[in-house]
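Shown below: structure13.csv, with CSV, C-alpha atoms and all ligand atoms.
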```csv
chain,number,residue,atom,x,y,z
P,1007,MET,CA,90.7,85.0,111.1
P,1008,ILE,CA,92.1,85.9,114.5
P,1009,PRO,CA,89.4,85.4,117.2
P,1010,ALA,CA,88.8,88.3,119.5
P,1011,ASP,CA,88.9,86.2,122.6
P,1012,ASP,CA,92.6,86.5,123.3
P,1013,PRO,CA,93.6,90.1,124.0
P,1014,GLY,CA,97.4,89.3,124.1
P,1015,PHE,CA,97.2,87.5,120.8
P,1016,GLU,CA,95.0,90.1,119.2
P,1017,ALA,CA,97.4,92.9,120.1
P,1018,LEU,CA,100.3,90.9,118.8
P,1019,ALA,CA,98.4,90.2,115.5
P,1020,ARG,CA,97.6,93.9,115.1
P,1021,LYS,CA,101.3,94.7,115.6
P,1022,ILE,CA,102.5,92.2,113.0
P,1023,SER,CA,99.9,93.5,110.5
P,1024,GLY,CA,100.9,97.0,111.2
P,1025,ALA,CA,104.5,96.0,110.3
P,1026,GLY,CA,103.2,94.9,106.8
P,1027,PHE,CA,102.4,91.2,107.2
P,1028,ALA,CA,98.6,90.6,106.8
P,1029,VAL,CA,98.2,87.8,109.4
P,1030,GLU,CA,94.4,88.2,109.3
P,1031,ALA,CA,94.3,86.6,105.9
P,1032,TYR,CA,95.9,83.4,107.1
P,1033,LYS,CA,94.4,80.4,108.9
P,1034,ASP,CA,94.5,81.2,112.6
P,1035,LYS,CA,95.9,77.8,113.6
P,1036,CYS,CA,98.8,78.2,111.2
P,1037,ILE,CA,99.7,81.6,112.5
P,1038,ARG,CA,99.6,80.6,116.1
P,1039,ARG,CA,101.7,77.5,115.5
P,1040,ARG,CA,104.4,79.6,113.7
P,1041,ILE,CA,104.4,82.4,116.3
P,1042,ALA,CA,104.8,79.6,119.0
P,1043,VAL,CA,107.9,78.4,117.1
P,1044,ARG,CA,109.5,81.8,117.3
P,1045,MET,CA,108.5,82.4,120.9
P,1046,ARG,CA,110.1,79.1,121.9
P,1047,ALA,CA,113.2,80.0,119.9
P,1048,CYS,CA,113.4,83.3,121.8
P,1049,GLY,CA,112.6,81.8,125.2
P,1050,VAL,CA,109.5,84.0,125.8
P,1051,HIS,CA,106.3,82.5,127.2
P,1052,THR,CA,103.6,85.2,126.7
P,1053,TYR,CA,102.3,87.1,123.7
P,1054,ALA,CA,102.9,90.3,125.5
P,1055,ASP,CA,106.6,89.4,126.2
P,1056,TYR,CA,107.0,88.5,122.5
P,1057,GLN,CA,105.5,91.8,121.5
P,1058,ALA,CA,108.0,93.6,123.8
P,1059,LEU,CA,110.8,91.6,122.2
P,1060,LEU,CA,109.7,92.7,118.7
P,1061,ASP,CA,109.9,96.3,119.9
P,1062,ARG,CA,113.4,95.8,121.3
P,1063,ASN,CA,114.7,93.7,118.4
P,1064,PRO,CA,113.4,94.6,114.9
P,1065,THR,CA,115.4,91.8,113.3
P,1066,GLU,CA,113.1,89.4,115.0
P,1067,TYR,CA,110.4,90.7,112.6
P,1068,GLU,CA,112.5,89.2,109.7
P,1069,ARG,CA,112.8,85.9,111.5
P,1070,LEU,CA,109.0,85.8,112.3
P,1071,ARG,CA,108.2,86.6,108.7
P,1072,ASP,CA,110.5,83.7,107.6
P,1073,ALA,CA,108.7,81.4,110.0
P,1074,LEU,CA,105.2,82.6,108.9
P,1075,THR,CA,105.9,82.0,105.2
P,1076,ILE,CA,106.5,78.3,104.9
P,1077,ASN,CA,108.9,77.8,102.1
P,1078,VAL,CA,109.2,74.1,101.6
P,1079,THR,CA,109.5,73.3,97.9
P,1080,ARG,CA,111.3,71.0,95.4
P,1081,PHE,CA,111.9,70.7,91.7
P,1082,TYR,CA,109.2,68.6,90.1
P,1083,ARG,CA,107.3,68.4,93.4
P,1084,ASN,CA,104.4,65.9,93.0
P,1085,ALA,CA,105.9,64.3,89.9
P,1086,GLU,CA,102.5,63.2,88.4
P,1087,THR,CA,101.4,66.8,88.1
P,1088,TRP,CA,104.5,67.8,86.3
P,1089,ASN,CA,104.3,64.7,84.1
P,1090,LEU,CA,100.8,65.9,83.0
P,1091,LEU,CA,102.1,69.4,82.3
P,1092,ARG,CA,105.0,67.9,80.4
P,1093,ARG,CA,102.8,65.6,78.3
P,1094,GLU,CA,99.8,67.9,77.7
P,1095,LEU,CA,99.9,71.5,78.8
P,1096,ILE,CA,103.4,72.5,77.8
P,1097,PRO,CA,103.0,71.3,74.2
P,1098,ARG,CA,99.8,73.2,73.9
P,1099,LEU,CA,101.3,76.4,75.4
P,1100,CYS,CA,104.3,76.1,73.2
P,1101,ALA,CA,102.4,75.6,69.9
P,1102,PRO,CA,104.2,77.1,67.0
P,1103,GLY,CA,103.7,80.9,66.7
P,1104,ALA,CA,105.4,84.1,67.2
P,1105,GLY,CA,103.8,85.4,70.4
P,1106,GLU,CA,104.9,85.2,74.0
P,1107,ILE,CA,104.1,82.2,76.2
P,1108,ARG,CA,103.3,83.6,79.6
P,1109,ALA,CA,103.2,81.8,82.9
P,1110,TRP,CA,103.0,82.9,86.6
P,1111,SER,CA,104.3,81.0,89.5
P,1112,ALA,CA,102.5,82.6,92.5
P,1113,GLY,CA,104.2,81.8,95.8
P,1114,CYS,CA,107.3,80.5,94.0
P,1115,SER,CA,109.4,80.2,97.1
P,1116,SER,CA,113.1,79.7,96.2
P,1117,GLY,CA,112.4,79.2,92.5
P,1118,GLU,CA,112.2,75.4,92.0
P,1119,GLU,CA,108.6,75.6,90.7
P,1120,PRO,CA,109.1,78.4,88.1
P,1121,TYR,CA,112.4,76.9,86.9
P,1122,THR,CA,110.7,73.5,86.5
P,1123,ILE,CA,108.1,75.2,84.2
P,1124,ALA,CA,110.9,76.9,82.2
P,1125,ILE,CA,112.9,73.6,82.0
P,1126,LEU,CA,109.8,71.7,80.6
P,1127,ALA,CA,109.3,74.4,78.0
P,1128,ALA,CA,112.9,74.3,77.0
P,1129,GLU,CA,112.9,70.5,76.8
P,1130,TYR,CA,109.8,70.5,74.6
P,1131,LEU,CA,111.1,73.2,72.3
P,1132,ASP,CA,114.6,71.6,72.0
P,1133,GLY,CA,112.9,68.3,71.2
P,1134,CYS,CA,111.0,69.9,68.4
P,1135,GLY,CA,114.1,71.5,67.0
P,1136,ARG,CA,112.7,75.0,68.0
P,1137,SER,CA,115.2,75.9,70.7
P,1138,GLY,CA,115.3,79.5,69.5
P,1139,GLU,CA,111.7,79.9,70.5
P,1140,LEU,CA,112.5,79.7,74.2
P,1141,ASP,CA,112.8,83.5,74.0
P,1142,ARG,CA,109.1,83.6,73.7
P,1143,LEU,CA,108.7,82.3,77.2
P,1144,VAL,CA,108.1,84.6,80.2
P,1145,VAL,CA,107.7,83.0,83.6
P,1146,ASP,CA,106.9,85.5,86.3
P,1147,ALA,CA,108.0,84.1,89.7
P,1148,THR,CA,106.6,85.9,92.7
P,1149,ASP,CA,106.7,85.5,96.4
P,1150,VAL,CA,106.5,87.6,99.6
P,1151,ASP,CA,109.5,86.1,101.3
P,1152,ARG,CA,112.7,88.1,100.9
P,1153,LEU,CA,115.1,85.2,101.5
P,1154,SER,CA,113.3,82.9,99.2
P,1155,LEU,CA,113.4,85.5,96.4
P,1156,GLU,CA,117.2,85.9,96.9
P,1157,ARG,CA,117.6,82.2,96.4
P,1158,ALA,CA,115.3,82.2,93.4
P,1159,MET,CA,117.4,84.9,91.8
P,1160,ALA,CA,120.7,83.0,92.5
P,1161,ALA,CA,119.1,79.9,90.9
P,1162,ARG,CA,121.7,77.6,92.6
P,1163,TYR,CA,120.5,74.5,94.3
P,1164,ARG,CA,121.7,71.5,96.2
P,1165,PRO,CA,121.4,68.1,94.5
P,1166,GLU,CA,118.9,67.0,97.3
P,1167,ASN,CA,116.4,69.5,95.8
P,1168,LEU,CA,116.4,67.6,92.5
P,1169,THR,CA,115.6,64.1,93.6
P,1170,GLU,CA,112.1,64.1,92.1
P,1171,MET,CA,113.1,65.6,88.8
P,1172,PRO,CA,113.8,63.1,85.9
P,1173,ALA,CA,117.6,62.8,85.8
P,1174,GLU,CA,117.9,63.7,82.1
P,1175,LEU,CA,116.2,67.1,82.7
P,1176,ALA,CA,118.6,67.8,85.6
P,1177,GLN,CA,121.6,66.9,83.5
P,1178,ARG,CA,120.5,68.9,80.6
P,1179,TYR,CA,119.3,72.1,82.3
P,1180,LEU,CA,121.5,72.5,85.4
P,1181,GLU,CA,125.2,73.0,85.5
P,1182,PRO,CA,127.6,72.1,88.4
P,1183,VAL,CA,129.0,75.1,90.3
P,1184,GLY,CA,131.1,73.8,93.2
P,1185,HIS,CA,128.9,71.5,95.3
P,1186,GLU,CA,125.7,73.1,93.8
P,1187,LEU,CA,123.9,73.1,90.6
P,1188,GLN,CA,122.9,76.2,88.7
P,1189,ILE,CA,120.0,76.6,86.2
P,1190,ALA,CA,121.5,77.0,82.7
P,1191,ALA,CA,121.6,80.7,81.7
P,1192,ARG,CA,119.2,80.3,78.7
P,1193,VAL,CA,116.5,78.9,81.0
P,1194,ARG,CA,117.3,81.3,83.9
P,1195,ARG,CA,116.9,84.3,81.7
P,1196,ARG,CA,113.2,83.3,81.0
P,1197,VAL,CA,112.2,83.5,84.7
P,1198,PHE,CA,111.5,86.9,86.2
P,1199,VAL,CA,111.7,86.9,90.0
P,1200,ARG,CA,110.1,89.6,92.0
P,1201,ARG,CA,108.3,90.3,95.2
P,1202,LEU,CA,104.5,90.3,95.3
P,1203,ASP,CA,102.3,89.9,98.3
P,1204,LEU,CA,99.2,88.0,97.2
P,1205,ASN,CA,97.3,90.0,99.8
P,1206,SER,CA,97.8,93.1,97.6
P,1207,ARG,CA,95.2,91.5,95.3
P,1208,ARG,CA,96.9,92.7,92.2
P,1209,PRO,CA,98.1,90.1,89.7
P,1210,PRO,CA,101.3,91.0,87.8
P,1211,ARG,CA,99.3,91.0,84.6
P,1212,ARG,CA,96.0,89.6,83.2
P,1213,ASP,CA,97.1,87.7,80.1
P,1214,TYR,CA,98.8,84.6,81.4
P,1215,HIS,CA,98.5,81.3,79.5
P,1216,MET,CA,99.1,79.4,82.7
P,1217,VAL,CA,99.0,80.3,86.4
P,1218,VAL,CA,100.6,77.8,88.9
P,1219,CYS,CA,99.8,78.4,92.6
P,1220,ARG,CA,100.6,75.3,94.5
P,1221,ASN,CA,100.8,74.7,98.3
P,1222,VAL,CA,100.2,78.4,99.0
P,1223,LEU,CA,96.4,78.6,99.3
P,1224,ILE,CA,96.3,76.0,102.1
P,1225,TYR,CA,97.7,78.6,104.5
P,1226,PHE,CA,95.0,81.2,103.8
P,1227,ASP,CA,91.5,81.3,105.3
P,1228,ARG,CA,88.5,80.6,103.1
P,1229,PRO,CA,87.6,84.3,102.2
P,1230,MET,CA,91.2,84.9,101.1
P,1231,GLN,CA,91.3,81.7,99.1
P,1232,GLU,CA,88.1,82.7,97.3
P,1233,ARG,CA,89.5,86.1,96.5
P,1234,LEU,CA,92.7,84.6,95.2
P,1235,PHE,CA,90.8,82.1,93.0
P,1236,GLN,CA,89.0,85.1,91.4
P,1237,ILE,CA,92.3,86.9,90.9
P,1238,PHE,CA,93.8,83.9,89.2
P,1239,ALA,CA,90.7,83.5,87.0
P,1240,ASP,CA,91.0,87.3,86.1
P,1241,SER,CA,94.7,86.9,85.3
P,1242,LEU,CA,94.2,84.1,82.6
P,1243,VAL,CA,93.6,84.6,78.9
P,1244,PRO,CA,90.6,82.6,77.6
P,1245,GLY,CA,91.8,79.0,77.3
P,1246,GLY,CA,94.5,79.6,79.9
P,1247,TYR,CA,95.2,77.0,82.7
P,1248,LEU,CA,95.2,77.2,86.5
P,1249,VAL,CA,97.2,74.6,88.4
P,1250,ILE,CA,96.8,74.4,92.2
P,1251,GLY,CA,98.2,72.1,94.8
P,1252,LYS,CA,97.2,68.4,95.1
P,1253,VAL,CA,95.7,69.0,98.5
P,1254,GLU,CA,93.9,72.2,97.4
P,1255,THR,CA,90.4,72.5,96.0
P,1256,LEU,CA,88.7,75.3,94.0
P,1257,PHE,CA,85.4,76.4,95.7
P,1258,GLY,CA,83.0,79.3,95.6
P,1259,ALA,CA,81.7,81.4,92.7
P,1260,VAL,CA,84.9,80.9,90.7
P,1261,ARG,CA,83.7,77.4,89.8
P,1262,GLU,CA,81.4,79.0,87.3
P,1263,ARG,CA,84.3,80.6,85.6
P,1264,LEU,CA,86.8,77.7,85.4
P,1265,ILE,CA,86.4,74.2,83.9
P,1266,LEU,CA,88.0,71.3,85.7
P,1267,VAL,CA,90.4,69.6,83.3
P,1268,ASP,CA,92.1,67.1,85.6
P,1269,PRO,CA,90.6,66.4,89.0
P,1270,ARG,CA,93.6,64.4,90.3
P,1271,GLU,CA,96.2,67.0,89.4
P,1272,ARG,CA,94.0,70.0,90.1
P,1273,VAL,CA,94.2,71.5,86.7
P,1274,TYR,CA,91.5,74.0,85.6
P,1275,ARG,CA,91.0,76.0,82.4
P,1276,ARG,CA,89.3,79.3,81.6
P,1277,PRO,CA,86.8,78.6,78.8
P,1278,ALA,CA,88.0,79.9,75.4
F,1301,LIG,C1,105.0,75.8,100.7
F,1301,LIG,S1,105.7,77.1,99.7
F,1301,LIG,C2,105.1,76.6,98.1
F,1301,LIG,C3,106.2,76.7,97.1
F,1301,LIG,C4,105.8,76.1,95.7
F,1301,LIG,N1,104.7,76.8,95.1
F,1301,LIG,C5,105.6,74.7,95.8
F,1301,LIG,O1,104.5,74.2,95.7
F,1301,LIG,O2,106.6,73.9,95.9
F,1301,LIG,C6,104.5,78.5,100.1
F,1301,LIG,C7,105.1,79.8,99.6
F,1301,LIG,O3,104.0,80.8,99.6
F,1301,LIG,C8,104.6,82.0,100.0
F,1301,LIG,N2,103.6,82.9,100.5
F,1301,LIG,C9,102.9,82.9,101.7
F,1301,LIG,N3,102.2,83.9,101.9
F,1301,LIG,C10,102.3,84.7,100.7
F,1301,LIG,C11,101.7,85.9,100.3
F,1301,LIG,N4,100.9,86.6,101.1
F,1301,LIG,N5,102.1,86.4,99.1
F,1301,LIG,C12,103.0,85.7,98.3
F,1301,LIG,N6,103.5,84.5,98.7
F,1301,LIG,C13,103.2,84.0,99.9
F,1301,LIG,C14,105.6,81.6,101.0
F,1301,LIG,O4,106.6,82.6,101.2
F,1301,LIG,C15,106.2,80.3,100.4
F,1301,LIG,O5,107.3,80.6,99.6
```

Write-out of the structure in structure tokens:
Amino acid sequence: MIPADDPGFEALARKISGAGFAVEAYKDKCIRRRIAVRMRACGVHTYADYQALLDRNPTEYERLRDALTINVTRFYRNAETWNLLRRELIPRLCAPGAGEIRAWSAGCSSGEEPYTIAILAAEYLDGCGRSGELDRLVVDATDVDRLSLERAMAARYRPENLTEMPAELAQRYLEPVGHELQIAARVRRRVFVRRLDLNSRRPPRRDYHMVVCRNVLIYFDRPMQERLFQIFADSLVPGGYLVIGKVETLFGAVRERLILVDPRERVYRRPA
């Protein structure tokens, strides 16, 4: 929510929204901090001057958008959560069968999260002697940030991005390309990267077995978070899992719709 007590800020917020970035859904403090970063970088001191600069220099919109969408991510970020997925959720999702295994990484940034999901599925299936079944996996990876999506599509990473991932997984599912590491083609093919603004309130589909949305909700205000929780619940099949970030909490009416499976790792399930 942008308070109406600051005309300069209000006008700037309206302008940014008009250009297609729905600032009003984000926490006010978060938006102000990020705009301040860009204003400092451009050497302007008032919201009105920054607005004039946006008029003069449209590429500044891109930089502002990059600043507003905080893209920090890593492979296997918060290892305990991934260990739980590896041990319990992935084996259940990859139960023998012929059907698709569908997951959605919402707010996937540069791809480390969706590729971690695909790597864990590949590892499990390889370990069971069912490598061919990896073709059943579909991981939709969505984000609003253009640059992050380009990186996710390239699927090449610096070794520093992999420090939390168990070494045997990194060795098996990433291949050296110059100074970087690239996700192995058979895993990369299972991840479908595309742009989706969570403000559009439309999930890519409504039959996911797992939705992972971590460290994204914290930037939104409470009404938007509640709307997103409902969208995630709507997008799961009965029995499907929702995984949110370790510092995020499910609240509001959706608590009637999802069962808490693991309070520490913030895993929920839609009743079967
Ligand atoms: C801190 S990163 C989290 C990345 C990853 N989920 C993780 O936990 O490592 C937050 C991501 O949310 C994305 N994001 C912010 N607002 C969004 C929106 N309206 N729609 C889709 N993605 C958004 C950002 O672009 C950024 O990539």

Neighbour list for segment 1172-1183 of chain P as a list in words, cut-off 8 Å, only C-alpha atoms, skip fewer than 4 positions in-chain: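 Selected residues are Ile1125, Glu1129, Leu1168, Leu1187, Gln1188, Ile1189, Ala1190 and Val1193 of chain P.
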
Residue with smallest distance to ligand LIG 1301 (chain F) - pool P:Glu1068, P:Asp1132, P:Asp1149, P:Glu1139, counting all atoms listed in the file: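 Looking at the shortest contact to ligand LIG 1301 (chain F), the residue is P:Asp1149.
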
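When only C-alpha atoms and all ligand atoms are used to measure the gap to ligand LIG 1301 (chain F), the shortest distance among P:Tyr1225, P:Tyr1247, P:Phe1238, P:Trp1110 belongs to P:Tyr1225.
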
Would you mind listing what lies within 12 Å of Asn1077 of chain P as a PyMOL selection string, with all atoms listed in the file counted and same-chain residues fewer than 5 positions away left out? chain P and resi 1071-1072+1113-1119+1149-1155+1157-1158+1220-1222+1225

Pairwise distance for atom CA of Val1145 of chain P and atom O2 of ligand LIG 1301 (chain F), rounded to one decimal in Å: 15.3 Å

With all atoms listed in the file as the atoms that count, which of P:Pro1229, P:Ile1224, P:Val1273, P:Ile1237 lies nearest to Pro1210 of chain P? P:Ile1237

Find the spatial neighbours of Thr1148 of chain P, counting only C-alpha atoms, within a cut-off of 6 Å - ignore same-chain residues fewer than 6 positions away - and output them as a PDB file with C-alpha atoms, in the coordinates of the input.
```
ATOM      1  CA  ALA P1112     102.500  82.600  92.500  1.00  0.00           C
ATOM      2  CA  GLY P1113     104.200  81.800  95.800  1.00  0.00           C
ATOM      3  CA  CYS P1114     107.300  80.500  94.000  1.00  0.00           C
ATOM      4  CA  VAL P1199     111.700  86.900  90.000  1.00  0.00           C
ATOM      5  CA  ARG P1200     110.100  89.600  92.000  1.00  0.00           C
ATOM      6  CA  ARG P1201     108.300  90.300  95.200  1.00  0.00           C
ATOM      7  CA  LEU P1202     104.500  90.300  95.300  1.00  0.00           C
TER       8      LEU P1202
END
```

I want to know what sits within 10 Å of Glu1232 of chain P, based on only C-alpha atoms, with residues of the same chain fewer than 6 positions away left out; could you give that as a PyMOL selection string? chain P and resi 1223+1226+1238+1256-1260

Separation of atom CA of Ile1037 of chain P from atom CA of Ala1160 of chain P, in Å and rounded to one decimal: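 Interatomic distance, atom CA of Ile1037 of chain P to atom CA of Ala1160 of chain P: 29.0 Å.
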
Enter the distance from atom CA of Arg1069 of chain P to atom CA of Arg1044 of chain P, in Å, rounded to one decimal.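 Atom CA of Arg1044 of chain P lies 7.8 Å from atom CA of Arg1069 of chain P.
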